[in-house]
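**Student:** Before I ask anything, let me first share the structure, which is written out below as structure tokens.
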Amino acid sequence: MKIKQLQLYKVPPRWLFLKITTDDGIEGWGEPVIEGRAETVAAAVKEAEELLIGKDPAHIEDIWQTLYRGGFYRGGPILTSAISGIEIALWDIRGKALGLPIYDLLGGPVRDKIKVYSWIGGDRPDDVANAAIEKANNGYKAIKMNATPEMDYIDSYQKIDDAVGRVDAIRQVLGKNFGIAVDFHGRVHQAMARILMKELEPFNLLFVEEPVLVENFEVFKDLRRHVVTPIATGERNFTRWGFKDIITSGCVDIIQPDLCHAGGIFECRKIAAMAECYDIALAPHCPLGPIALAACLQLDYCTPNAFIQEQSLGIHYNQGADLLDYLKDKNAFEYKDGFVFRNNRPGLGIDVNETVVQQAAEIGHNWKNPIWRTEDGVIAEW
């Protein structure tokens, strides 16, 4: 069996799909994209094509090493996202060729289901209590929301009070056992992050995500000294080398590699194993499409320290298309009582509707994240 062809499809709302076809007709699907940089990642995939055509798709690790180490420059969101999408598609081919789900090729299942959470609120969260009630009524046991709009280095305490008030409103209606995760999204600088985390501590949050930008990682150590709320990060880190310091630091409780950015399924399995050695949990980042979620679930089912999975069904980004629109079987992900249950279909466990994908690719997208500024006109983190 040899790799014969690579095809890319840029589809709404902000995704890029990759189909790799072998000379005997087996197709594997991946999702190589950086949100807002789909064309750039597509170019990186096309540059890698000459290293793939004619190769045995079963040699996944060797292909990964070639793509990662074969060039002088390595890592970063563009290159590793291209590698990730390719790697996921190769695992899909391998599973289909053998008639096995990917998790069976990585040691077998350790669980029957994985808890998932749903997003509420958007970039400027509002009316979160009613949104949380709606998700709870749909069976979810946990939600995640953004903490704040744009924040200055030292900002108004009103924004702190507003963020605390939103969490309090959810606790008032859903009680202390409903899972609430709050994403600071790297928008909050260290002084305000310290205050906000301290004020949120009484609400027993599931975790706080990206309390500050990971490039300011030394701040995480300071935050850990002040609060006991679980701290999560990792969506902007790539490969096991990008997670090495985070995992060994002692100041992060949950790592969140994105399988479409951090190196793919097997690379993130290696990252999870490193984290397990330090008693750190795994909660893969996944605000993307159905191929991304399918890859994450394959990892979750064979990874003991995975504890919850992000997924994008109904997320505020999904304008024009949603998670299940590109699948033939809309029940491929079995949602029930706040969990997604394991299936035993081969490969990624999904059947992509290529006709719909091709039609959507004719529309395409040009998604870009907003550009925010503080009140005095300075660029702010989004």
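Please note that chains go A, B, ... in the order of the structure tokens, that every chain numbers its residues from 1, and that ligands are numbered from 1 in the order shown.
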Compile the contact shell of His189 (chain A) as a list of chain:residue names: residues with an atom at most 9 Å away, counting only C-alpha atoms, same-chain residues fewer than 5 positions apart removed.
**Tutor:**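 My list of contacting residues is A:Met151, A:Asp152, A:Tyr153, A:Ile154, A:Arg194, A:Pro211, A:Val212, A:Leu213.
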**Student:** Give one line per residue of region 73-93 of chain A that approaches region 30-54 of chain A to at most 8 Å, naming the two atoms of the closest pair and their distance in Å to one decimal, counting only C-alpha atoms; sort by chain then ascending residue number and deliver it as a tab-separated table.
**Tutor:**
residue	atom	partner	partner_atom	distance
A:Pro77	CA	A:Ile34	CA	7.0
A:Ile78	CA	A:Val41	CA	5.5
A:Leu79	CA	A:Ala44	CA	6.5
A:Ser81	CA	A:Pro32	CA	5.2
A:Ala82	CA	A:Pro32	CA	5.0
A:Ile83	CA	A:Pro32	CA	7.4
A:Ser84	CA	A:Pro32	CA	6.1
A:Gly85	CA	A:Pro32	CA	3.9
A:Ile86	CA	A:Gly30	CA	6.0
A:Glu87	CA	A:Gly30	CA	7.4
A:Ile88	CA	A:Gly30	CA	5.0
A:Ala89	CA	A:Gly30	CA	4.4
**Student:** Please report the interatomic distance between CA of Asn369 (chain A) and CA of Trp382 (chain A) in Å with one decimal.
**Tutor:** 7.6 Å
**Student:** Need the shell around Leu223 (chain A): protein/DNA/RNA residues with any atom at most 9 Å away, counting only C-alpha atoms. Skip same-chain ones fewer than 5 positions apart. Format as an NGL selection string?
**Tutor:** :A and (190 or 193-194 or 197 or 211 or 228 or 231 or 251)
**Student:** Do a neighbour search on region 353-361 of chain A at 8 Å with only C-alpha atoms, toss out local chain neighbours closer than 6 positions, and write the hits as a ChimeraX atom specification.
**Tutor:** /A:9-12,326-328
**Student:** Pick out the residues sitting within 7 Å of region 140-150 of chain A, and hand them over as a PyMOL selection string; count only C-alpha atoms, and ignore anything fewer than 6 positions along from it in its own chain.
**Tutor:** chain A and resi 117-125+132+159+163+178-185+187+337-338+372+374+380-382
**Student:** Put those residues in a file: N, CA and C atoms, as a PDB file, in the first residue's frame.
**Tutor:**
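Result file follows (selection11.pdb):
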ATOM      1  N   TYR A 117     -17.727  18.584  27.895  1.00  0.00           N
ATOM      2  CA  TYR A 117     -18.363  19.831  28.327  1.00  0.00           C
ATOM      3  C   TYR A 117     -18.783  20.637  27.113  1.00  0.00           C
ATOM      4  N   SER A 118     -19.701  21.561  27.342  1.00  0.00           N
ATOM      5  CA  SER A 118     -20.221  22.399  26.276  1.00  0.00           C
ATOM      6  C   SER A 118     -19.880  23.855  26.553  1.00  0.00           C
ATOM      7  N   TRP A 119     -19.602  24.594  25.511  1.00  0.00           N
ATOM      8  CA  TRP A 119     -19.332  26.028  25.640  1.00  0.00           C
ATOM      9  C   TRP A 119     -20.625  26.800  25.842  1.00  0.00           C
ATOM     10  N   ILE A 120     -20.566  27.829  26.676  1.00  0.00           N
ATOM     11  CA  ILE A 120     -21.638  28.818  26.759  1.00  0.00           C
ATOM     12  C   ILE A 120     -20.993  30.193  26.690  1.00  0.00           C
ATOM     13  N   GLY A 121     -21.755  31.173  26.306  1.00  0.00           N
ATOM     14  CA  GLY A 121     -21.175  32.514  26.194  1.00  0.00           C
ATOM     15  C   GLY A 121     -20.192  32.560  25.044  1.00  0.00           C
ATOM     16  N   GLY A 122     -19.835  33.768  24.661  1.00  0.00           N
ATOM     17  CA  GLY A 122     -18.899  33.940  23.567  1.00  0.00           C
ATOM     18  C   GLY A 122     -17.720  34.776  23.994  1.00  0.00           C
ATOM     19  N   ASP A 123     -17.262  35.628  23.089  1.00  0.00           N
ATOM     20  CA  ASP A 123     -16.107  36.453  23.401  1.00  0.00           C
ATOM     21  C   ASP A 123     -16.412  37.475  24.494  1.00  0.00           C
ATOM     22  N   ARG A 124     -17.668  37.867  24.592  1.00  0.00           N
ATOM     23  CA  ARG A 124     -18.100  38.786  25.660  1.00  0.00           C
ATOM     24  C   ARG A 124     -19.281  38.123  26.365  1.00  0.00           C
ATOM     25  N   PRO A 125     -19.013  37.226  27.287  1.00  0.00           N
ATOM     26  CA  PRO A 125     -20.068  36.374  27.850  1.00  0.00           C
ATOM     27  C   PRO A 125     -21.198  37.180  28.494  1.00  0.00           C
ATOM     28  N   ALA A 132     -26.410  28.043  30.702  1.00  0.00           N
ATOM     29  CA  ALA A 132     -25.969  26.868  31.459  1.00  0.00           C
ATOM     30  C   ALA A 132     -27.150  25.957  31.779  1.00  0.00           C
ATOM     31  N   LYS A 159     -14.760  44.683  36.091  1.00  0.00           N
ATOM     32  CA  LYS A 159     -14.646  43.489  35.260  1.00  0.00           C
ATOM     33  C   LYS A 159     -14.447  42.236  36.120  1.00  0.00           C
ATOM     34  N   ALA A 163     -17.204  39.156  36.212  1.00  0.00           N
ATOM     35  CA  ALA A 163     -16.827  37.764  35.979  1.00  0.00           C
ATOM     36  C   ALA A 163     -17.282  36.879  37.138  1.00  0.00           C
ATOM     37  N   PHE A 178     -22.313  21.035  39.745  1.00  0.00           N
ATOM     38  CA  PHE A 178     -22.252  21.207  38.297  1.00  0.00           C
ATOM     39  C   PHE A 178     -20.877  21.761  37.926  1.00  0.00           C
ATOM     40  N   GLY A 179     -20.253  21.181  36.898  1.00  0.00           N
ATOM     41  CA  GLY A 179     -18.900  21.578  36.525  1.00  0.00           C
ATOM     42  C   GLY A 179     -18.856  22.908  35.784  1.00  0.00           C
ATOM     43  N   ILE A 180     -18.052  23.839  36.300  1.00  0.00           N
ATOM     44  CA  ILE A 180     -17.866  25.132  35.645  1.00  0.00           C
ATOM     45  C   ILE A 180     -16.372  25.341  35.419  1.00  0.00           C
ATOM     46  N   ALA A 181     -15.989  25.466  34.165  1.00  0.00           N
ATOM     47  CA  ALA A 181     -14.617  25.826  33.814  1.00  0.00           C
ATOM     48  C   ALA A 181     -14.628  27.242  33.254  1.00  0.00           C
ATOM     49  N   VAL A 182     -13.621  28.016  33.614  1.00  0.00           N
ATOM     50  CA  VAL A 182     -13.555  29.419  33.182  1.00  0.00           C
ATOM     51  C   VAL A 182     -12.260  29.624  32.413  1.00  0.00           C
ATOM     52  N   ASP A 183     -12.406  30.084  31.178  1.00  0.00           N
ATOM     53  CA  ASP A 183     -11.267  30.287  30.292  1.00  0.00           C
ATOM     54  C   ASP A 183     -10.862  31.760  30.312  1.00  0.00           C
ATOM     55  N   PHE A 184      -9.676  32.038  30.872  1.00  0.00           N
ATOM     56  CA  PHE A 184      -9.166  33.414  30.839  1.00  0.00           C
ATOM     57  C   PHE A 184      -8.622  33.758  29.459  1.00  0.00           C
ATOM     58  N   HIS A 185      -8.351  32.738  28.630  1.00  0.00           N
ATOM     59  CA  HIS A 185      -8.012  32.900  27.213  1.00  0.00           C
ATOM     60  C   HIS A 185      -6.726  33.695  26.986  1.00  0.00           C
ATOM     61  N   ARG A 187      -6.160  36.476  28.078  1.00  0.00           N
ATOM     62  CA  ARG A 187      -6.509  37.893  27.993  1.00  0.00           C
ATOM     63  C   ARG A 187      -6.123  38.663  29.244  1.00  0.00           C
ATOM     64  N   ASP A 337     -26.139  11.747  28.659  1.00  0.00           N
ATOM     65  CA  ASP A 337     -25.915  12.095  30.072  1.00  0.00           C
ATOM     66  C   ASP A 337     -24.562  12.760  30.300  1.00  0.00           C
ATOM     67  N   GLY A 338     -24.168  13.623  29.375  1.00  0.00           N
ATOM     68  CA  GLY A 338     -22.932  14.370  29.551  1.00  0.00           C
ATOM     69  C   GLY A 338     -21.678  13.613  29.157  1.00  0.00           C
ATOM     70  N   TRP A 372      -8.908  43.230  19.030  1.00  0.00           N
ATOM     71  CA  TRP A 372      -9.434  44.003  20.149  1.00  0.00           C
ATOM     72  C   TRP A 372      -8.436  45.071  20.579  1.00  0.00           C
ATOM     73  N   THR A 374      -7.859  48.093  23.909  1.00  0.00           N
ATOM     74  CA  THR A 374      -8.324  48.633  25.174  1.00  0.00           C
ATOM     75  C   THR A 374      -8.923  50.012  24.956  1.00  0.00           C
ATOM     76  N   ALA A 380      -5.196  44.628  22.406  1.00  0.00           N
ATOM     77  CA  ALA A 380      -5.418  43.739  23.563  1.00  0.00           C
ATOM     78  C   ALA A 380      -5.450  42.302  23.094  1.00  0.00           C
ATOM     79  N   GLU A 381      -5.201  41.373  24.014  1.00  0.00           N
ATOM     80  CA  GLU A 381      -5.303  39.951  23.699  1.00  0.00           C
ATOM     81  C   GLU A 381      -6.769  39.594  23.427  1.00  0.00           C
ATOM     82  N   TRP A 382      -6.975  38.777  22.414  1.00  0.00           N
ATOM     83  CA  TRP A 382      -8.335  38.289  22.122  1.00  0.00           C
ATOM     84  C   TRP A 382      -8.556  36.946  22.812  1.00  0.00           C
TER      85      TRP A 382
END
**Student:** Could you find all residues in region 157-306 of chain A that DSSP calls alpha helix (DSSP H) from the backbone, and write them as number ranges by chain?
**Tutor:** A: 157-174, 190-200, 218-226, 239-248, 265-276, 290-301
**Student:** Could you write those residues out with C-alpha atoms, as an mmCIF file, in the first residue's frame?
**Tutor:**
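New file part_4.cif:
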data_model
loop_
_atom_site.group_PDB
_atom_site.id
_atom_site.type_symbol
_atom_site.label_atom_id
_atom_site.label_comp_id
_atom_site.auth_asym_id
_atom_site.auth_seq_id
_atom_site.Cartn_x
_atom_site.Cartn_y
_atom_site.Cartn_z
ATOM 1 C CA TYR A 157 -12.427 45.907 39.415
ATOM 2 C CA GLN A 158 -15.838 46.084 37.772
ATOM 3 C CA LYS A 159 -14.646 43.489 35.260
ATOM 4 C CA ILE A 160 -13.592 41.282 38.163
ATOM 5 C CA ASP A 161 -16.985 41.696 39.810
ATOM 6 C CA ASP A 162 -18.775 40.997 36.530
ATOM 7 C CA ALA A 163 -16.827 37.764 35.979
ATOM 8 C CA VAL A 164 -17.486 36.589 39.536
ATOM 9 C CA GLY A 165 -21.151 37.510 39.175
ATOM 10 C CA ARG A 166 -21.529 35.336 36.088
ATOM 11 C CA VAL A 167 -20.082 32.297 37.841
ATOM 12 C CA ASP A 168 -22.192 32.975 40.914
ATOM 13 C CA ALA A 169 -25.338 33.130 38.757
ATOM 14 C CA ILE A 170 -24.648 29.627 37.427
ATOM 15 C CA ARG A 171 -23.918 28.256 40.897
ATOM 16 C CA GLN A 172 -27.175 29.734 42.184
ATOM 17 C CA VAL A 173 -29.280 27.872 39.614
ATOM 18 C CA LEU A 174 -27.317 24.626 39.108
ATOM 19 C CA GLN A 190 -0.720 38.627 35.902
ATOM 20 C CA ALA A 191 -1.905 41.228 38.438
ATOM 21 C CA MET A 192 -5.546 40.951 37.408
ATOM 22 C CA ALA A 193 -5.274 37.165 36.972
ATOM 23 C CA ARG A 194 -4.101 36.824 40.569
ATOM 24 C CA ILE A 195 -7.066 38.859 41.798
ATOM 25 C CA LEU A 196 -9.621 37.120 39.565
ATOM 26 C CA MET A 197 -8.472 33.615 40.465
ATOM 27 C CA LYS A 198 -8.584 34.485 44.167
ATOM 28 C CA GLU A 199 -12.108 35.897 43.848
ATOM 29 C CA LEU A 200 -13.300 32.832 41.909
ATOM 30 C CA GLU A 218 6.809 31.985 35.176
ATOM 31 C CA VAL A 219 3.546 33.662 36.252
ATOM 32 C CA PHE A 220 1.894 30.243 36.603
ATOM 33 C CA LYS A 221 4.223 29.498 39.508
ATOM 34 C CA ASP A 222 3.127 32.698 41.227
ATOM 35 C CA LEU A 223 -0.544 31.896 40.701
ATOM 36 C CA ARG A 224 -0.086 28.404 42.107
ATOM 37 C CA ARG A 225 1.234 29.915 45.346
ATOM 38 C CA HIS A 226 -1.908 32.015 45.756
ATOM 39 C CA THR A 239 4.930 18.542 20.536
ATOM 40 C CA ARG A 240 6.290 16.903 23.664
ATOM 41 C CA TRP A 241 9.185 19.359 23.733
ATOM 42 C CA GLY A 242 6.751 22.253 24.036
ATOM 43 C CA PHE A 243 5.111 20.529 27.022
ATOM 44 C CA LYS A 244 8.269 19.428 28.808
ATOM 45 C CA ASP A 245 8.663 22.462 31.081
ATOM 46 C CA ILE A 246 4.925 22.720 31.736
ATOM 47 C CA ILE A 247 4.705 19.111 32.852
ATOM 48 C CA THR A 248 7.782 19.236 35.087
ATOM 49 C CA ILE A 265 -2.776 11.429 17.932
ATOM 50 C CA PHE A 266 0.376 9.503 18.831
ATOM 51 C CA GLU A 267 2.361 12.613 19.732
ATOM 52 C CA CYS A 268 -0.379 13.677 22.134
ATOM 53 C CA ARG A 269 -0.471 10.149 23.561
ATOM 54 C CA LYS A 270 3.245 10.596 24.345
ATOM 55 C CA ILE A 271 2.521 13.987 25.937
ATOM 56 C CA ALA A 272 -0.248 12.423 28.037
ATOM 57 C CA ALA A 273 2.101 9.670 29.211
ATOM 58 C CA MET A 274 4.666 12.276 30.267
ATOM 59 C CA ALA A 275 1.955 14.104 32.199
ATOM 60 C CA GLU A 276 0.769 10.906 33.875
ATOM 61 C CA PRO A 290 -15.728 16.450 13.570
ATOM 62 C CA ILE A 291 -12.407 14.972 12.437
ATOM 63 C CA ALA A 292 -10.618 16.757 15.276
ATOM 64 C CA LEU A 293 -13.153 15.498 17.821
ATOM 65 C CA ALA A 294 -12.974 11.954 16.474
ATOM 66 C CA ALA A 295 -9.182 12.018 16.871
ATOM 67 C CA CYS A 296 -9.474 13.318 20.434
ATOM 68 C CA LEU A 297 -11.942 10.605 21.381
ATOM 69 C CA GLN A 298 -9.634 7.895 20.057
ATOM 70 C CA LEU A 299 -6.945 9.289 22.364
ATOM 71 C CA ASP A 300 -9.318 9.646 25.323
ATOM 72 C CA TYR A 301 -10.469 6.049 25.142
#
**Student:** Which residue gives the smallest distance to Lys336 (chain A) among A:Gly95, A:Pro57, A:Gly76, A:Gly139, with only C-alpha atoms counted?
**Tutor:**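 The closest residue to Lys336 (chain A) is A:Gly139.
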**Student:** Quote the spacing between CA of Arg14 (chain A) and CA of Phe207 (chain A) in Å to one decimal place.
**Tutor:**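 Between these atoms lies a distance of 26.7 Å.
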**Student:** Using only C-alpha atoms, which of A:Gly107, A:Gly320, A:Gly314, A:Pro202 sits nearest Glu134 (chain A)?
**Tutor:**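 Using only C-alpha atoms, the shortest distance to Glu134 (chain A) belongs to A:Gly314.
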**Student:** When distances are computed from only C-alpha atoms, which of A:Pro287, A:Gly108, A:Gly263, A:Gly377 shows the smallest separation from Leu67 (chain A)?
**Tutor:** A:Gly263
